[in-house]
Amino acid sequence: MGDLNQTSADSFILLGLSNVPYLQDICFLMFLLMYITTLSGNLLLIIVMRINPKLHSPMYFFLSNLSVIDLCFSSSIVPVILINTLAKDKSISRLGCATQMFISLALGTTECIILAVMAYDRFAAICKPLYYNIIMNKKLCFCLAAGSWSVGFINSIIHVALTFQLPFCRSHHVNHFFCEVPPFLRLSCRDTQLNDIALYISVVIIAVSTFLLTLISYVHIISTILKIHYSQGRYKAFSTCTSHLNVVTLFYGTSIVIYLQLQSRYSHETDKIVSILYTAVTPMLNPFIYSVRNKDVIETIMNNLRRKQNL
């Protein structure tokens with residue numbers, strides 16, 4: 001009997017956001033609009049950065065990495081949500097679930113590191129302007145980007161492997177809208193202490209350390225900006241950082257809540273709401289946060305629109 005209880009199924013049931021019909025329709029439309037906006041905004045930003053030579057700088061190189069991450073991150077989750085919201089069969093195969101968990105965790109980790117790298121880039125530009133091109137050379141930029149992606153995928157492999165070696169004997173109904181590590185740990189009848197420790201270590205080493213590195217960078221940036229005598233110079237220097245600060249606050253604030261919340265305070269509904277913010281809302285807002293206050297991006301878009309009208 002014990003063997004039957006611990007037999008692993010070939011699939012899981014994602015319960016989604018709601019089982020109320022009219023709320024399902026609202027959720028479908030909401031996620032569809034956010035997904036279309038995410039694709040359009042990030043693709044437009046990538047194209048603009050490619051066609052404008054002024055945007056071929058380290059800052060925009062890392063920003064293009066961020067846009068690729070947001071595109072892939074959203075595409076690994078939102079289409080599954082759209083299908084499961086309206087479909088009667090809300091099951092997802094074990095392999096499909098592991099793949100989704102691997103991709104989303106890898107990209108989320110990579111984004112954490114890329115955001116810290118972008119903070120370092122702003123530190124070099126504002127605090128070491130005379131040596132900026134020497135510090136942020138092409139080789140270093142490539143190594144930082146490649147390192148960020150490598151750490152993201154290695155971290156994801158470890159956690160997905162640890163998660164799917166567990167027996168899920170309590171239930172195969174996942175009270176979530178996509179395959180994420182924390183909800184799966186609560187389905188296992190085996191002690192998940194090793195998984196919990198690995199998860200917390202990962203969060204501290206990657207998320208918390210990159211956040212602290214970002215914070216340290218901005219302490220130096222703000223200190224340098226305050227030493228600028230002209231108010232216009234201070235405004236121009238700080239305006240190059242505000243977009244990044246907004247993205248950092250939005251991303252770290254939501255993702256750290258999910259992975260560091262106490263078991264006694266865990267709430268499925270809170271988990272879902274916060275997850276929506278960093279899986280769908282953040283990838284949608286990032287390109288607009290970076291482009292609205294960026295004159296070069298706006299000018300490139302407007303110039304290309306004028307050319308098309310004149311043709």
# chains A, B, ... in the order shown; residues from 1 in each chain; ligands from 1

$ select_by_dssp --residues "range 41-288 of chain A" --states "alpha helix (DSSP H)" --output "VMD selection string"
chain A and resid 41 to 51 58 to 86 94 to 127 132 to 135 138 to 164 181 to 185 193 to 202 209 to 226 231 to 260 268 to 276 282 to 288

$ residues_around --residues "Phe211 in chain A" --least-positions-apart "6" --cutoff "12 Å" --atoms "only C-alpha atoms" --output "JSON, numbers by chain"
{"A": [111, 112, 113, 114, 115, 116, 117, 118, 119, 120, 203, 204, 205, 217, 218, 245, 248, 249, 251, 252, 253, 255, 256]}

$ atom_distance --atom1 "CA of Asn246 in chain A" --atom2 "CA of His159 in chain A"
28.7 Å

$ closest_residue --among "A:Asn84, A:Asn52, A:Thr210, A:Thr110" --to "Val297 in chain A" --atoms "only C-alpha atoms"
A:Asn52

$ residues_around --residues "Ser104 in chain A" --least-positions-apart "3" --cutoff "7 Å" --atoms "only C-alpha atoms" --output "list in words"
Phe73, Ser76, Gln100, Met101, Leu107 and Gly108 of chain A

$ write_last_selection --atoms "N, CA, C and O atoms" --output "CSV table (one decimal), in the first residue's frame"
chain,number,residue,atom,x,y,z
A,73,PHE,N,11.3,34.3,-20.6
A,73,PHE,CA,10.7,34.0,-19.3
A,73,PHE,C,9.2,34.0,-19.4
A,73,PHE,O,8.5,33.1,-18.9
A,76,SER,N,7.8,31.1,-21.5
A,76,SER,CA,7.8,29.8,-20.9
A,76,SER,C,6.7,29.5,-19.9
A,76,SER,O,6.4,28.4,-19.5
A,100,GLN,N,9.5,23.5,-17.8
A,100,GLN,CA,9.1,24.9,-17.4
A,100,GLN,C,9.8,25.4,-16.2
A,100,GLN,O,10.2,26.5,-16.1
A,101,MET,N,9.9,24.5,-15.2
A,101,MET,CA,10.6,24.9,-13.9
A,101,MET,C,12.0,25.3,-14.2
A,101,MET,O,12.5,26.3,-13.7
A,107,LEU,N,16.2,31.5,-16.0
A,107,LEU,CA,16.0,32.9,-16.5
A,107,LEU,C,15.9,33.9,-15.3
A,107,LEU,O,16.4,35.0,-15.4
A,108,GLY,N,15.1,33.5,-14.3
A,108,GLY,CA,15.0,34.3,-13.1
A,108,GLY,C,16.3,34.6,-12.4
A,108,GLY,O,16.6,35.7,-12.0

$ decode --residues "range 157-170 of chain A" --atoms "all heavy atoms" --output "PDB file, in the first residue's frame"
ATOM      1  N   ILE A 157      19.567  23.690 -12.824  1.00  0.00           N
ATOM      2  CA  ILE A 157      19.762  22.235 -12.918  1.00  0.00           C
ATOM      3  C   ILE A 157      19.767  21.597 -11.534  1.00  0.00           C
ATOM      4  O   ILE A 157      19.127  20.561 -11.295  1.00  0.00           O
ATOM      5  CB  ILE A 157      21.081  21.917 -13.658  1.00  0.00           C
ATOM      6  CG1 ILE A 157      20.960  22.250 -15.144  1.00  0.00           C
ATOM      7  CG2 ILE A 157      21.455  20.435 -13.489  1.00  0.00           C
ATOM      8  CD1 ILE A 157      22.269  22.158 -15.898  1.00  0.00           C
ATOM      9  N   ILE A 158      20.463  22.224 -10.597  1.00  0.00           N
ATOM     10  CA  ILE A 158      20.567  21.691  -9.226  1.00  0.00           C
ATOM     11  C   ILE A 158      19.200  21.602  -8.571  1.00  0.00           C
ATOM     12  O   ILE A 158      18.813  20.555  -8.026  1.00  0.00           O
ATOM     13  CB  ILE A 158      21.518  22.568  -8.377  1.00  0.00           C
ATOM     14  CG1 ILE A 158      22.953  22.455  -8.901  1.00  0.00           C
ATOM     15  CG2 ILE A 158      21.448  22.168  -6.903  1.00  0.00           C
ATOM     16  CD1 ILE A 158      23.909  23.460  -8.301  1.00  0.00           C
ATOM     17  N   HIS A 159      18.422  22.687  -8.631  1.00  0.00           N
ATOM     18  CA  HIS A 159      17.140  22.723  -7.925  1.00  0.00           C
ATOM     19  C   HIS A 159      16.070  21.854  -8.591  1.00  0.00           C
ATOM     20  O   HIS A 159      15.265  21.222  -7.899  1.00  0.00           O
ATOM     21  CB  HIS A 159      16.650  24.168  -7.803  1.00  0.00           C
ATOM     22  CG  HIS A 159      17.446  24.976  -6.830  1.00  0.00           C
ATOM     23  ND1 HIS A 159      17.477  24.701  -5.480  1.00  0.00           N
ATOM     24  CD2 HIS A 159      18.275  26.036  -7.016  1.00  0.00           C
ATOM     25  CE1 HIS A 159      18.262  25.558  -4.871  1.00  0.00           C
ATOM     26  NE2 HIS A 159      18.770  26.379  -5.782  1.00  0.00           N
ATOM     27  N   VAL A 160      16.061  21.803  -9.907  1.00  0.00           N
ATOM     28  CA  VAL A 160      15.089  20.948 -10.598  1.00  0.00           C
ATOM     29  C   VAL A 160      15.394  19.480 -10.317  1.00  0.00           C
ATOM     30  O   VAL A 160      14.489  18.673 -10.071  1.00  0.00           O
ATOM     31  CB  VAL A 160      15.092  21.226 -12.115  1.00  0.00           C
ATOM     32  CG1 VAL A 160      14.219  20.212 -12.854  1.00  0.00           C
ATOM     33  CG2 VAL A 160      14.583  22.644 -12.396  1.00  0.00           C
ATOM     34  N   ALA A 161      16.678  19.116 -10.314  1.00  0.00           N
ATOM     35  CA  ALA A 161      17.072  17.736 -10.014  1.00  0.00           C
ATOM     36  C   ALA A 161      16.682  17.354  -8.590  1.00  0.00           C
ATOM     37  O   ALA A 161      16.141  16.260  -8.345  1.00  0.00           O
ATOM     38  CB  ALA A 161      18.578  17.571 -10.222  1.00  0.00           C
ATOM     39  N   LEU A 162      16.933  18.249  -7.629  1.00  0.00           N
ATOM     40  CA  LEU A 162      16.582  17.982  -6.229  1.00  0.00           C
ATOM     41  C   LEU A 162      15.066  17.886  -6.046  1.00  0.00           C
ATOM     42  O   LEU A 162      14.575  17.080  -5.242  1.00  0.00           O
ATOM     43  CB  LEU A 162      17.149  19.083  -5.329  1.00  0.00           C
ATOM     44  CG  LEU A 162      18.660  19.070  -5.074  1.00  0.00           C
ATOM     45  CD1 LEU A 162      19.077  20.311  -4.290  1.00  0.00           C
ATOM     46  CD2 LEU A 162      19.069  17.803  -4.323  1.00  0.00           C
ATOM     47  N   THR A 163      14.334  18.715  -6.781  1.00  0.00           N
ATOM     48  CA  THR A 163      12.871  18.723  -6.643  1.00  0.00           C
ATOM     49  C   THR A 163      12.246  17.454  -7.199  1.00  0.00           C
ATOM     50  O   THR A 163      11.387  16.827  -6.557  1.00  0.00           O
ATOM     51  CB  THR A 163      12.277  19.954  -7.353  1.00  0.00           C
ATOM     52  OG1 THR A 163      12.807  21.142  -6.780  1.00  0.00           O
ATOM     53  CG2 THR A 163      10.752  19.967  -7.226  1.00  0.00           C
ATOM     54  N   PHE A 164      12.664  17.039  -8.386  1.00  0.00           N
ATOM     55  CA  PHE A 164      12.014  15.906  -9.047  1.00  0.00           C
ATOM     56  C   PHE A 164      12.563  14.544  -8.647  1.00  0.00           C
ATOM     57  O   PHE A 164      12.112  13.524  -9.169  1.00  0.00           O
ATOM     58  CB  PHE A 164      12.042  16.093 -10.566  1.00  0.00           C
ATOM     59  CG  PHE A 164      10.982  17.035 -11.043  1.00  0.00           C
ATOM     60  CD1 PHE A 164      11.233  18.396 -11.134  1.00  0.00           C
ATOM     61  CD2 PHE A 164       9.711  16.575 -11.362  1.00  0.00           C
ATOM     62  CE1 PHE A 164      10.241  19.274 -11.549  1.00  0.00           C
ATOM     63  CE2 PHE A 164       8.714  17.450 -11.772  1.00  0.00           C
ATOM     64  CZ  PHE A 164       8.979  18.804 -11.864  1.00  0.00           C
ATOM     65  N   GLN A 165      13.490  14.504  -7.693  1.00  0.00           N
ATOM     66  CA  GLN A 165      13.864  13.222  -7.116  1.00  0.00           C
ATOM     67  C   GLN A 165      12.990  12.902  -5.899  1.00  0.00           C
ATOM     68  O   GLN A 165      13.058  11.812  -5.332  1.00  0.00           O
ATOM     69  CB  GLN A 165      15.351  13.215  -6.747  1.00  0.00           C
ATOM     70  CG  GLN A 165      15.813  14.308  -5.803  1.00  0.00           C
ATOM     71  CD  GLN A 165      15.574  14.026  -4.320  1.00  0.00           C
ATOM     72  OE1 GLN A 165      15.645  12.871  -3.915  1.00  0.00           O
ATOM     73  NE2 GLN A 165      15.295  15.060  -3.554  1.00  0.00           N
ATOM     74  N   LEU A 166      12.123  13.863  -5.518  1.00  0.00           N
ATOM     75  CA  LEU A 166      11.196  13.659  -4.403  1.00  0.00           C
ATOM     76  C   LEU A 166       9.979  12.836  -4.850  1.00  0.00           C
ATOM     77  O   LEU A 166       9.536  12.955  -5.987  1.00  0.00           O
ATOM     78  CB  LEU A 166      10.707  15.003  -3.857  1.00  0.00           C
ATOM     79  CG  LEU A 166      11.736  15.914  -3.186  1.00  0.00           C
ATOM     80  CD1 LEU A 166      11.120  17.292  -2.937  1.00  0.00           C
ATOM     81  CD2 LEU A 166      12.227  15.314  -1.875  1.00  0.00           C
ATOM     82  N   PRO A 167       9.406  12.032  -3.944  1.00  0.00           N
ATOM     83  CA  PRO A 167       8.149  11.349  -4.259  1.00  0.00           C
ATOM     84  C   PRO A 167       6.970  12.278  -3.939  1.00  0.00           C
ATOM     85  O   PRO A 167       6.857  12.780  -2.826  1.00  0.00           O
ATOM     86  CB  PRO A 167       8.161  10.140  -3.306  1.00  0.00           C
ATOM     87  CG  PRO A 167       8.980  10.591  -2.140  1.00  0.00           C
ATOM     88  CD  PRO A 167       9.980  11.597  -2.655  1.00  0.00           C
ATOM     89  N   PHE A 168       6.101  12.525  -4.912  1.00  0.00           N
ATOM     90  CA  PHE A 168       4.953  13.414  -4.707  1.00  0.00           C
ATOM     91  C   PHE A 168       3.728  12.566  -4.394  1.00  0.00           C
ATOM     92  O   PHE A 168       2.886  12.314  -5.255  1.00  0.00           O
ATOM     93  CB  PHE A 168       4.728  14.281  -5.950  1.00  0.00           C
ATOM     94  CG  PHE A 168       5.916  15.120  -6.319  1.00  0.00           C
ATOM     95  CD1 PHE A 168       6.683  14.810  -7.435  1.00  0.00           C
ATOM     96  CD2 PHE A 168       6.295  16.193  -5.535  1.00  0.00           C
ATOM     97  CE1 PHE A 168       7.794  15.567  -7.776  1.00  0.00           C
ATOM     98  CE2 PHE A 168       7.402  16.966  -5.868  1.00  0.00           C
ATOM     99  CZ  PHE A 168       8.156  16.649  -6.986  1.00  0.00           C
ATOM    100  N   CYS A 169       3.644  12.133  -3.139  1.00  0.00           N
ATOM    101  CA  CYS A 169       2.591  11.199  -2.766  1.00  0.00           C
ATOM    102  C   CYS A 169       1.408  11.853  -2.055  1.00  0.00           C
ATOM    103  O   CYS A 169       0.376  11.223  -1.866  1.00  0.00           O
ATOM    104  CB  CYS A 169       3.169  10.087  -1.891  1.00  0.00           C
ATOM    105  SG  CYS A 169       4.245  10.689  -0.582  1.00  0.00           S
ATOM    106  N   ARG A 170       1.542  13.095  -1.647  1.00  0.00           N
ATOM    107  CA  ARG A 170       0.420  13.764  -0.994  1.00  0.00           C
ATOM    108  C   ARG A 170      -0.671  14.108  -2.001  1.00  0.00           C
ATOM    109  O   ARG A 170      -1.853  13.917  -1.744  1.00  0.00           O
ATOM    110  CB  ARG A 170       0.896  15.037  -0.288  1.00  0.00           C
ATOM    111  CG  ARG A 170       1.725  14.765   0.953  1.00  0.00           C
ATOM    112  CD  ARG A 170       2.155  16.056   1.625  1.00  0.00           C
ATOM    113  NE  ARG A 170       2.933  15.785   2.826  1.00  0.00           N
ATOM    114  CZ  ARG A 170       3.548  16.706   3.551  1.00  0.00           C
ATOM    115  NH1 ARG A 170       3.474  17.973   3.169  1.00  0.00           N
ATOM    116  NH2 ARG A 170       4.228  16.373   4.619  1.00  0.00           N
TER     117      ARG A 170
END
